[in-house]
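Below is the file work24.tsv, which contains TSV, C-alpha atoms.
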chain	number	residue	atom	x	y	z
U	1	MET	CA	103.64	89.86	135.07
U	2	ASN	CA	101.60	92.77	136.44
U	3	ILE	CA	98.63	91.54	138.49
U	4	ALA	CA	95.99	93.63	140.27
U	5	ILE	CA	93.93	92.64	143.29
U	6	ILE	CA	90.86	94.87	143.35
U	7	SER	CA	88.71	94.85	146.49
U	8	PRO	CA	87.37	97.28	149.11
U	9	GLU	CA	88.70	94.85	151.75
U	10	TYR	CA	92.40	94.77	152.55
U	11	PRO	CA	94.17	94.97	155.92
U	12	PRO	CA	94.72	96.86	158.05
U	13	LEU	CA	92.30	99.71	157.23
U	14	THR	CA	89.45	97.53	155.95
U	15	ASN	CA	90.31	94.29	157.67
U	16	TRP	CA	86.69	93.13	157.95
U	17	GLY	CA	87.00	89.37	157.68
U	18	GLY	CA	88.04	86.42	155.58
U	19	THR	CA	88.05	88.32	152.29
U	20	ALA	CA	90.63	90.79	153.58
U	21	THR	CA	92.73	87.94	154.99
U	22	PHE	CA	92.60	86.11	151.68
U	23	ASN	CA	93.53	89.22	149.67
U	24	ALA	CA	96.60	89.78	151.84
U	25	SER	CA	97.62	86.11	151.51
U	26	LEU	CA	97.08	86.23	147.74
U	27	ALA	CA	99.27	89.33	147.44
U	28	LYS	CA	102.03	87.50	149.33
U	29	LEU	CA	101.72	84.46	147.08
U	30	LEU	CA	101.87	86.49	143.87
U	31	ASP	CA	104.84	88.51	145.09
U	32	HIS	CA	106.60	85.29	146.15
U	33	SER	CA	105.99	83.92	142.64
U	34	GLY	CA	107.84	86.88	141.09
U	35	HIS	CA	104.88	88.95	139.91
U	36	THR	CA	104.45	92.69	140.37
U	37	VAL	CA	101.40	93.06	142.60
U	38	HIS	CA	99.17	96.12	142.88
U	39	VAL	CA	96.31	96.12	145.37
U	40	ILE	CA	93.57	98.66	144.69
U	41	THR	CA	91.47	99.25	147.79
U	42	TYR	CA	90.37	102.14	150.01
U	43	ASP	CA	90.92	103.46	153.52
U	44	GLY	CA	87.42	102.79	154.86
U	45	THR	CA	86.26	106.35	154.25
U	46	GLY	CA	87.24	107.09	150.66
U	47	ARG	CA	88.84	110.37	151.70
U	48	GLU	CA	92.51	109.64	151.13
U	49	GLU	CA	94.31	108.67	147.94
U	50	ARG	CA	97.82	107.31	148.38
U	51	VAL	CA	100.26	104.58	147.36
U	52	ILE	CA	102.25	102.54	149.87
U	53	LYS	CA	104.79	99.84	149.04
U	54	THR	CA	104.82	97.15	151.73
U	55	ASP	CA	106.94	93.98	151.43
U	56	GLY	CA	107.19	94.50	147.68
U	57	ILE	CA	103.42	94.98	147.22
U	58	TYR	CA	101.98	98.26	145.97
U	59	ILE	CA	98.82	99.23	147.89
U	60	HIS	CA	96.68	101.96	146.33
U	61	THR	CA	93.89	103.53	148.35
U	62	ILE	CA	91.42	105.32	146.10
U	63	ARG	CA	89.51	108.51	146.81
U	64	PHE	CA	85.75	108.61	146.41
U	65	ALA	CA	85.74	111.84	144.44
U	66	PHE	CA	85.83	113.14	140.88
U	67	GLN	CA	88.68	115.25	139.58
U	68	SER	CA	86.28	118.05	138.71
U	69	THR	CA	85.24	120.34	141.59
U	70	LEU	CA	82.03	121.17	139.75
U	71	ILE	CA	81.04	117.51	139.31
U	72	ASN	CA	81.87	116.81	142.95
U	73	PHE	CA	79.62	119.67	144.05
U	74	ALA	CA	76.77	118.52	141.79
U	75	TYR	CA	76.98	114.87	142.90
U	76	PHE	CA	77.73	115.23	146.62
U	77	THR	CA	76.02	118.55	147.41
U	78	PHE	CA	73.46	119.91	144.91
U	79	PRO	CA	71.34	118.90	143.08
U	80	PHE	CA	72.12	115.19	143.56
U	81	GLY	CA	73.35	115.34	147.16
U	82	PRO	CA	69.93	115.00	148.84
U	83	ILE	CA	68.94	112.19	146.47
U	84	ARG	CA	72.20	110.36	147.23
U	85	LYS	CA	71.63	110.67	150.99
U	86	PHE	CA	68.10	109.30	150.62
U	87	PHE	CA	69.29	106.22	148.74
U	88	ILE	CA	72.18	105.68	151.16
U	89	LYS	CA	69.59	105.29	153.93
U	90	LYS	CA	67.50	102.87	151.87
U	91	ILE	CA	70.11	100.83	149.96
U	92	PRO	CA	73.54	101.57	151.49
U	93	LYS	CA	75.32	98.48	150.10
U	94	THR	CA	74.08	99.18	146.59
U	95	ILE	CA	75.10	102.84	146.66
U	96	PHE	CA	78.54	101.96	148.03
U	97	SER	CA	79.03	99.34	145.29
U	98	PHE	CA	77.90	101.80	142.62
U	99	GLU	CA	80.30	104.49	143.84
U	100	TRP	CA	83.12	102.00	144.31
U	101	ASN	CA	82.84	100.89	140.68
U	102	ILE	CA	82.86	104.48	139.43
U	103	PHE	CA	85.86	105.64	141.42
U	104	VAL	CA	87.91	102.44	141.12
U	105	LEU	CA	87.46	102.64	137.33
U	106	LEU	CA	88.87	106.19	137.33
U	107	ALA	CA	91.82	105.10	139.48
U	108	PHE	CA	92.46	101.98	137.43
U	109	ARG	CA	92.49	103.85	134.11
U	110	ALA	CA	95.35	106.04	135.29
U	111	LEU	CA	97.28	103.12	136.77
U	112	HIS	CA	96.78	100.79	133.79
U	113	LYS	CA	98.40	103.31	131.45
U	114	LYS	CA	101.62	102.94	133.44
U	115	GLN	CA	101.53	99.26	134.45
U	116	HIS	CA	99.48	97.40	131.81
U	117	PHE	CA	97.87	94.62	133.82
U	118	GLN	CA	97.42	91.11	132.44
U	119	ILE	CA	95.30	89.63	135.24
U	120	ILE	CA	92.83	91.03	137.81
U	121	HIS	CA	91.73	89.15	140.93
U	122	THR	CA	88.54	90.14	142.75
U	123	PRO	CA	86.15	88.79	145.39
U	124	PRO	CA	82.37	88.93	144.78
U	125	TYR	CA	81.48	91.62	147.31
U	126	SER	CA	80.69	94.99	145.71
U	127	PHE	CA	81.47	93.31	142.32
U	128	PRO	CA	84.71	95.33	142.42
U	129	ALA	CA	85.72	95.30	138.73
U	130	LEU	CA	82.34	95.23	137.01
U	131	LEU	CA	82.79	98.55	135.21
U	132	ILE	CA	86.49	97.93	134.62
U	133	SER	CA	85.65	94.70	132.78
U	134	LEU	CA	83.43	96.63	130.34
U	135	PHE	CA	86.26	98.96	129.38
U	136	TYR	CA	89.10	96.41	129.51
U	137	PRO	CA	87.72	93.11	128.15
U	138	LYS	CA	91.16	91.79	127.10
U	139	ILE	CA	92.40	91.56	130.68
U	140	ARG	CA	91.93	88.13	132.26
U	141	TYR	CA	89.66	88.16	135.32
U	142	VAL	CA	89.82	85.70	138.23
U	143	PHE	CA	86.89	85.63	140.63
U	144	HIS	CA	87.41	84.29	144.16
U	145	ALA	CA	84.10	82.94	145.46
U	146	HIS	CA	84.12	83.49	149.23
U	147	GLY	CA	80.38	83.01	149.65
U	148	ALA	CA	77.50	84.76	147.95
U	149	GLN	CA	75.02	87.35	149.16
U	150	ARG	CA	72.19	85.10	147.93
U	151	ASP	CA	73.38	82.53	150.51
U	152	PHE	CA	73.85	85.14	153.24
U	153	ASN	CA	70.30	86.42	152.68
U	154	THR	CA	69.01	83.31	154.43
U	155	PHE	CA	70.58	84.60	157.64
U	156	GLU	CA	70.07	88.34	157.19
U	157	SER	CA	67.16	90.74	156.88
U	158	TYR	CA	65.95	90.00	153.34
U	159	ASN	CA	65.54	93.62	152.25
U	160	ILE	CA	65.67	95.29	148.85
U	161	ASP	CA	69.32	96.25	149.34
U	162	ASN	CA	70.42	92.64	149.83
U	163	LYS	CA	68.23	91.51	146.91
U	164	ILE	CA	69.92	94.00	144.57
U	165	ILE	CA	73.40	93.03	145.75
U	166	ALA	CA	72.65	89.32	145.33
U	167	PHE	CA	71.30	89.87	141.80
U	168	ILE	CA	74.30	91.91	140.61
U	169	GLU	CA	76.81	89.59	142.32
U	170	ASP	CA	75.35	86.65	140.42
U	171	TYR	CA	75.46	88.65	137.18
U	172	TYR	CA	79.09	89.57	137.89
U	173	MET	CA	80.02	85.94	138.46
U	174	ARG	CA	78.26	84.75	135.31
U	175	ARG	CA	79.53	87.45	132.94
U	176	VAL	CA	82.92	88.76	134.01
U	177	PRO	CA	85.45	86.13	135.22
U	178	ASP	CA	87.49	83.85	133.00
U	179	LYS	CA	88.08	81.56	135.97
U	180	ILE	CA	86.25	81.15	139.29
U	181	ILE	CA	88.07	79.83	142.36
U	182	PRO	CA	85.66	78.63	145.10
U	183	CYS	CA	87.00	78.95	148.62
U	184	SER	CA	85.99	75.39	149.56
U	185	THR	CA	84.63	72.15	148.15
U	186	ASN	CA	81.18	73.05	149.46
U	187	THR	CA	81.24	76.40	147.68
U	188	TYR	CA	82.39	74.64	144.51
U	189	LYS	CA	79.38	72.32	144.67
U	190	ARG	CA	76.94	75.17	145.40
U	191	ILE	CA	78.10	77.13	142.36
U	192	ALA	CA	78.16	74.09	140.09
U	193	THR	CA	74.62	73.19	141.15
U	194	SER	CA	73.19	76.72	140.94
U	195	PHE	CA	75.02	77.70	137.74
U	196	PRO	CA	75.89	74.54	135.77
U	197	GLN	CA	76.96	76.69	132.81
U	198	LEU	CA	79.93	77.87	134.90
U	199	LYS	CA	81.43	74.41	135.55
U	200	SER	CA	84.10	74.88	132.89
U	201	LYS	CA	85.30	78.03	134.65
U	202	LEU	CA	85.59	76.50	138.12
U	203	VAL	CA	89.08	75.77	139.48
U	204	ASN	CA	89.17	74.06	142.87
U	205	ILE	CA	92.06	75.74	144.73
U	206	PRO	CA	91.60	75.98	148.51
U	207	ASN	CA	92.02	79.19	150.47
U	208	PHE	CA	95.38	79.61	152.15
U	209	LEU	CA	97.36	81.82	154.51
U	210	ASN	CA	100.90	83.07	155.01
U	211	ILE	CA	102.08	80.56	157.62
U	212	LYS	CA	105.15	82.69	158.42
U	213	ALA	CA	102.88	85.17	160.20
U	214	PHE	CA	101.83	82.51	162.74
U	215	THR	CA	103.97	81.57	165.72
U	216	PHE	CA	102.94	78.16	167.02
U	217	LYS	CA	102.48	77.78	170.78
U	218	ARG	CA	100.86	75.07	172.89
U	219	LYS	CA	99.55	77.25	175.71
U	220	VAL	CA	95.92	76.20	176.20
U	221	VAL	CA	93.81	77.62	179.05
U	222	MET	CA	90.86	75.26	179.29
U	223	ASP	CA	88.55	77.61	181.18
U	224	THR	CA	88.75	80.35	178.51
U	225	ILE	CA	86.53	80.33	175.43
U	226	LEU	CA	87.31	82.58	172.46
U	227	PHE	CA	85.24	83.85	169.55
U	228	ASN	CA	86.75	85.99	166.79
U	229	GLY	CA	84.55	87.32	163.99
U	230	GLN	CA	81.66	89.59	163.23
U	231	LEU	CA	78.99	89.38	165.92
U	232	ASN	CA	76.12	88.54	163.60
U	233	TYR	CA	73.44	85.86	163.36
U	234	ARG	CA	75.11	83.95	160.52
U	235	LYS	CA	78.25	83.56	162.62
U	236	GLY	CA	76.14	81.90	165.35
U	237	VAL	CA	77.47	84.00	168.23
U	238	ASP	CA	74.07	83.67	169.96
U	239	ILE	CA	74.50	79.87	169.94
U	240	LEU	CA	77.83	80.31	171.71
U	241	VAL	CA	76.45	82.73	174.30
U	242	GLN	CA	73.59	80.38	175.17
U	243	ALA	CA	75.93	77.38	175.44
U	244	PHE	CA	78.32	79.37	177.64
U	245	VAL	CA	75.52	80.47	179.99
U	246	HIS	CA	74.50	76.84	180.43
U	247	LEU	CA	78.07	75.72	181.25
U	248	ALA	CA	79.10	78.76	183.29
U	249	ASP	CA	76.30	78.22	185.79
U	250	GLY	CA	78.16	75.16	187.07
U	251	ASN	CA	81.72	76.36	186.41
U	252	SER	CA	82.66	79.61	188.13
U	253	GLN	CA	86.07	79.76	186.41
U	254	LEU	CA	84.74	79.74	182.87
U	255	LYS	CA	85.20	82.95	180.82
U	256	LEU	CA	84.03	83.97	177.35
U	257	PHE	CA	85.75	86.52	175.10
U	258	LEU	CA	83.86	87.80	172.05
U	259	VAL	CA	86.10	89.73	169.67
U	260	GLY	CA	84.51	91.44	166.67
U	261	ARG	CA	82.35	94.17	165.21
U	262	ASN	CA	78.69	94.48	166.19
U	263	GLY	CA	76.55	92.72	163.58
U	264	PHE	CA	72.90	92.16	162.66
U	265	GLY	CA	70.38	89.42	161.90
U	266	PHE	CA	69.09	88.72	165.44
U	267	THR	CA	65.46	88.95	166.47
U	268	HIS	CA	63.83	90.16	169.67
U	269	ASN	CA	60.07	90.31	170.13
U	270	GLY	CA	59.62	89.78	166.41
U	271	TYR	CA	61.94	92.61	165.32
U	272	PHE	CA	65.38	92.45	163.71
U	273	CYS	CA	68.16	93.88	165.84
U	274	ASP	CA	71.93	93.95	166.24
U	275	PHE	CA	73.95	91.77	168.59
U	276	ASN	CA	74.38	94.41	171.28
U	277	THR	CA	70.61	94.88	171.49
U	278	TRP	CA	69.99	91.12	171.49
U	279	PHE	CA	72.62	90.54	174.19
U	280	ALA	CA	71.26	93.32	176.43
U	281	LYS	CA	67.79	91.72	176.34
U	282	GLN	CA	68.99	88.26	177.41
U	283	LYS	CA	68.15	87.22	180.95
U	284	ILE	CA	71.67	86.25	181.95
U	285	PRO	CA	72.49	86.13	185.67
U	286	GLN	CA	74.88	88.91	186.61
U	287	HIS	CA	77.56	86.58	187.95
U	288	ILE	CA	77.71	84.96	184.49
U	289	ARG	CA	77.35	88.20	182.53
U	290	ASN	CA	80.41	89.50	184.40
U	291	ARG	CA	82.47	86.73	182.77
U	292	ILE	CA	81.47	87.60	179.21
U	293	PHE	CA	83.86	90.13	177.66
U	294	ILE	CA	82.87	91.84	174.40
U	295	LEU	CA	85.82	93.48	172.63
U	296	SER	CA	86.17	95.47	169.42
U	297	SER	CA	87.77	93.83	166.40
U	298	PHE	CA	91.53	94.19	165.88
U	299	ASP	CA	92.67	96.01	162.75
U	300	ASP	CA	96.22	94.82	163.31
U	301	GLN	CA	96.45	91.08	162.67
U	302	ASN	CA	99.64	90.61	164.68
U	303	ALA	CA	98.05	92.31	167.69
U	304	LEU	CA	95.05	89.97	167.38
U	305	PHE	CA	97.25	86.88	167.27
U	306	ILE	CA	99.26	88.00	170.30
U	307	PHE	CA	96.01	88.66	172.18
U	308	LEU	CA	94.55	85.24	171.33
U	309	GLN	CA	97.73	83.40	172.26
U	310	THR	CA	98.03	85.36	175.51
U	311	LEU	CA	94.54	84.24	176.49
U	312	GLY	CA	95.30	80.76	175.11
U	313	GLY	CA	91.76	79.46	175.20
U	314	ILE	CA	89.48	77.23	173.15
U	315	VAL	CA	88.40	78.85	169.87
U	316	VAL	CA	84.76	78.28	168.94
U	317	VAL	CA	83.48	78.81	165.39
U	318	PRO	CA	79.68	78.44	165.76
U	319	SER	CA	78.69	79.67	162.29
U	320	ARG	CA	75.33	78.67	160.88
U	321	TYR	CA	76.88	79.10	157.44
U	322	GLU	CA	80.62	79.46	156.80
U	323	PRO	CA	81.85	79.27	153.18
U	324	PHE	CA	85.39	78.50	154.34
U	325	GLY	CA	86.49	79.53	157.83
U	326	TYR	CA	89.69	81.56	158.06
U	327	VAL	CA	89.23	81.87	161.82
U	328	THR	CA	89.45	78.08	161.98
U	329	ILE	CA	92.77	77.68	160.18
U	330	GLU	CA	94.23	80.76	161.91
U	331	ALA	CA	93.50	79.25	165.32
U	332	MET	CA	94.93	75.91	164.17
U	333	ALA	CA	98.11	77.66	162.99
U	334	LEU	CA	98.45	79.46	166.32
U	335	GLY	CA	98.20	76.26	168.37
U	336	LEU	CA	94.71	76.81	169.81
U	337	PRO	CA	92.14	73.99	169.91
U	338	VAL	CA	89.10	74.59	167.69
U	339	ILE	CA	85.46	73.59	168.03
U	340	ALA	CA	83.47	74.36	164.86
U	341	THR	CA	80.10	73.75	163.28
U	342	ASN	CA	79.74	70.41	161.53
U	343	GLY	CA	79.00	71.70	158.05
U	344	TYR	CA	80.02	73.81	155.04
U	345	GLY	CA	83.66	74.96	154.95
U	346	THR	CA	84.69	74.05	158.49
U	347	LYS	CA	83.72	70.40	158.04
U	348	GLN	CA	86.21	70.25	155.19
U	349	ILE	CA	88.98	71.70	157.37
U	350	LEU	CA	88.63	69.77	160.64
U	351	ARG	CA	88.89	66.04	161.34
U	352	GLU	CA	86.87	65.12	164.42
U	353	GLY	CA	89.09	64.31	167.40
U	354	ILE	CA	92.27	64.52	165.29
U	355	THR	CA	92.66	68.21	164.35
U	356	GLY	CA	89.65	69.64	166.18
U	357	PHE	CA	86.05	69.06	167.20
U	358	LEU	CA	82.70	69.43	165.45
U	359	PHE	CA	79.18	70.10	166.72
U	360	GLU	CA	75.70	70.66	165.35
U	361	PRO	CA	74.67	74.37	165.32
U	362	THR	CA	72.58	74.29	168.50
U	363	PRO	CA	73.39	75.53	172.03
U	364	GLN	CA	72.82	72.03	173.43
U	365	SER	CA	75.25	70.35	171.03
U	366	LEU	CA	77.90	73.02	171.55
U	367	ALA	CA	77.57	72.88	175.33
U	368	HIS	CA	78.02	69.10	175.23
U	369	VAL	CA	81.18	69.28	173.08
U	370	LEU	CA	82.61	72.19	175.07
U	371	HIS	CA	82.14	70.33	178.33
U	372	MET	CA	83.88	67.28	176.86
U	373	VAL	CA	86.85	69.31	175.58
U	374	ILE	CA	87.24	71.30	178.82
U	375	LYS	CA	87.54	68.02	180.76
U	376	MET	CA	89.90	66.42	178.24
U	377	ASP	CA	93.45	65.41	179.19
U	378	LYS	CA	95.95	68.13	178.31
U	379	ASN	CA	98.27	65.66	176.59
U	380	ILE	CA	95.48	64.75	174.18
U	381	ILE	CA	94.77	68.43	173.54
U	382	SER	CA	98.48	69.01	172.90
U	383	LYS	CA	98.53	66.22	170.32
U	384	ILE	CA	95.40	67.60	168.59
U	385	VAL	CA	96.77	71.14	168.26
U	386	THR	CA	100.03	69.73	166.89
U	387	ASN	CA	98.10	67.72	164.33
U	388	ALA	CA	96.09	70.82	163.46
U	389	ARG	CA	99.19	72.91	162.80
U	390	LYS	CA	100.62	70.20	160.54
U	391	SER	CA	97.31	70.00	158.66
U	392	VAL	CA	97.41	73.73	157.94
U	393	GLU	CA	101.03	73.52	156.80
U	394	ASN	CA	100.20	70.70	154.41
U	395	ARG	CA	96.95	72.01	152.96
U	396	TYR	CA	96.44	75.75	153.49
U	397	THR	CA	99.69	77.62	152.91
U	398	ILE	CA	101.26	79.52	150.02
U	399	ALA	CA	103.61	76.61	149.33
U	400	SER	CA	100.70	74.15	149.06
U	401	VAL	CA	98.85	76.11	146.33
U	402	GLU	CA	101.53	78.15	144.54
U	403	GLN	CA	101.98	75.70	141.66
U	404	GLN	CA	98.23	75.59	141.09
U	405	TYR	CA	98.19	79.36	140.59
U	406	LYS	CA	101.14	79.13	138.19
U	407	ASN	CA	99.24	76.56	136.14
U	408	LEU	CA	96.15	78.77	136.20
U	409	TYR	CA	98.02	81.75	134.73
U	410	VAL	CA	99.58	79.64	131.99
U	411	ALA	CA	96.13	78.42	130.97
U	412	LEU	CA	94.60	81.90	131.16
U	413	LEU	CA	97.24	83.67	129.07
U	414	ALA	CA	97.44	80.83	126.53
U	415	ASN	CA	93.86	81.68	125.59
U	416	ASN	CA	94.45	85.42	125.51

Here is the file; what I need is its structure written in the form of structure tokens.
Amino acid sequence: MNIAIISPEYPPLTNWGGTATFNASLAKLLDHSGHTVHVITYDGTGREERVIKTDGIYIHTIRFAFQSTLINFAYFTFPFGPIRKFFIKKIPKTIFSFEWNIFVLLAFRALHKKQHFQIIHTPPYSFPALLISLFYPKIRYVFHAHGAQRDFNTFESYNIDNKIIAFIEDYYMRRVPDKIIPCSTNTYKRIATSFPQLKSKLVNIPNFLNIKAFTFKRKVVMDTILFNGQLNYRKGVDILVQAFVHLADGNSQLKLFLVGRNGFGFTHNGYFCDFNTWFAKQKIPQHIRNRIFILSSFDDQNALFIFLQTLGGIVVVPSRYEPFGYVTIEAMALGLPVIATNGYGTKQILREGITGFLFEPTPQSLAHVLHMVIKMDKNIISKIVTNARKSVENRYTIASVEQQYKNLYVALLANN
């Protein structure tokens, strides 16, 4: 069977977070199941069009351009160029999603003539196959719900751009997919409550990863704290920084590593700002600030895993809202102890004191749990990380969900 995964996010060029991780894991699963898998994505700029076959998976990066030189000039330069630039400043997410849908449709039309796809998988972000679904209604569409913009708006600047994206995402979810796969039980409940008419389309299959990419080690450095993810307000990185400052004042060996792209949603003096601005304005003593290391995100997943295991610290996932929590199960698979927010997706993943630790999303609660874990006996920590690895192997791997996907396809194509 020919199956397409259509998304702007796919590693390594657009390895922005959990969606990219899931897409790569899904491609592995489908290839392992004997399907021919084509991923349609882009290189982060939209300048290069190419096809690469990696581990049996065809990866197509599309070009954000028309075939006609005249149309390209009219749209990008004159007369529409200045208008486009104006709207990019005002509603950048919306313009990107609009252009993505145009150019991915053009790329898909050419590819579909050769491959004839039966099923398309997409995430919600940028509603990647909205236009494609209008032209190819007979293809079966599977929507992977990794969290919705309408939920993220609670933690972001609620501007017109985010309002538009949230509205069209909801329309996309209601109108396009034949089946919807929520990333967690919590996400399942949120969709079923908000859109009861979609209950018949919901299929509860958990997110998963390719466990073969994770080498398990038990090296834990208890005075090192790790954060991996976008440095934005929703991810709660400010909660972690404040908790660390409190603990580091009495522990001169404690170090904090923040790995990720600069993000937004913070406030300072009543104004929204990014993390770097927020962090620069914090009154952190210099001897503590010197032990906070802010690093860029890793495009290469293997390099990230090697880096995390070399540091060997405690992974903290302080998200105010986390639909699932790939960072959590990745750390568990690597053999690193995890402390995560007691709610949403992470609460489903971790069992308190058995596979990890949970805290309420406040600096005080996190500082209390961190202090407890740092002082914990290393034999207990070793047992917890071993339990965590086994939990991932049993619940969140390709082998644990492969049959569910096979059953899904049988049901989808039986109704075709």

Given all atoms listed in the file as the counted atoms, nearest of U:Gly260, U:Pro337, U:Gly353, U:Pro124 to U:Phe298: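 Closest to U:Phe298 of all the choices is U:Gly260.
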
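Taking atom CA of U:Lys138 and atom CA of U:Lys201 as the two end points, the separation is 16.8 Å.
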
Per residue of stretch 123-169 of chain U within 12 Å of stretch 35-45 of chain U, which atom pair is closest and at what distance in Å (one decimal), using all atoms listed in the file, listed by chain and increasing number, as a Markdown table?
| residue | atom | partner | partner_atom | distance |
| --- | --- | --- | --- | --- |
| U:Pro123 | CA | U:Thr41 | CA | 12.0 |
| U:Ser126 | CA | U:Thr41 | CA | 11.8 |
| U:Pro128 | CA | U:Thr41 | CA | 9.5 |
| U:Ala129 | CA | U:Ile40 | CA | 10.4 |

Next, dump the selected residues to file, keeping only C-alpha atoms, as a PDB file, in the coordinates of the input.
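Result written to selection_38.pdb:
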ATOM      1  CA  PRO U 123      86.150  88.790 145.390  1.00  0.00           C
ATOM      2  CA  SER U 126      80.690  94.990 145.710  1.00  0.00           C
ATOM      3  CA  PRO U 128      84.710  95.330 142.420  1.00  0.00           C
ATOM      4  CA  ALA U 129      85.720  95.300 138.730  1.00  0.00           C
TER       5      ALA U 129
END

Separation of atom CA of U:Ile95 from atom CA of U:Arg47, in Å and rounded to one decimal: 16.5 Å

Show which residues sit within 12 Å of U:Lys283, as a PDB file with C-alpha atoms, in the coordinates of the input. Count only C-alpha atoms, and ignore same-chain residues fewer than 6 positions away.
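Contents of the output file part.pdb:
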ATOM      1  CA  VAL U 241      76.450  82.730 174.300  1.00  0.00           C
ATOM      2  CA  GLN U 242      73.590  80.380 175.170  1.00  0.00           C
ATOM      3  CA  VAL U 245      75.520  80.470 179.990  1.00  0.00           C
ATOM      4  CA  ARG U 289      77.350  88.200 182.530  1.00  0.00           C
TER       5      ARG U 289
END

Proximity to U:Ser25 - best of U:Asp238, U:Leu209, U:Gly356, U:Phe86, all atoms listed in the file: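 Using all atoms listed in the file, U:Ser25 sits closest to U:Leu209.
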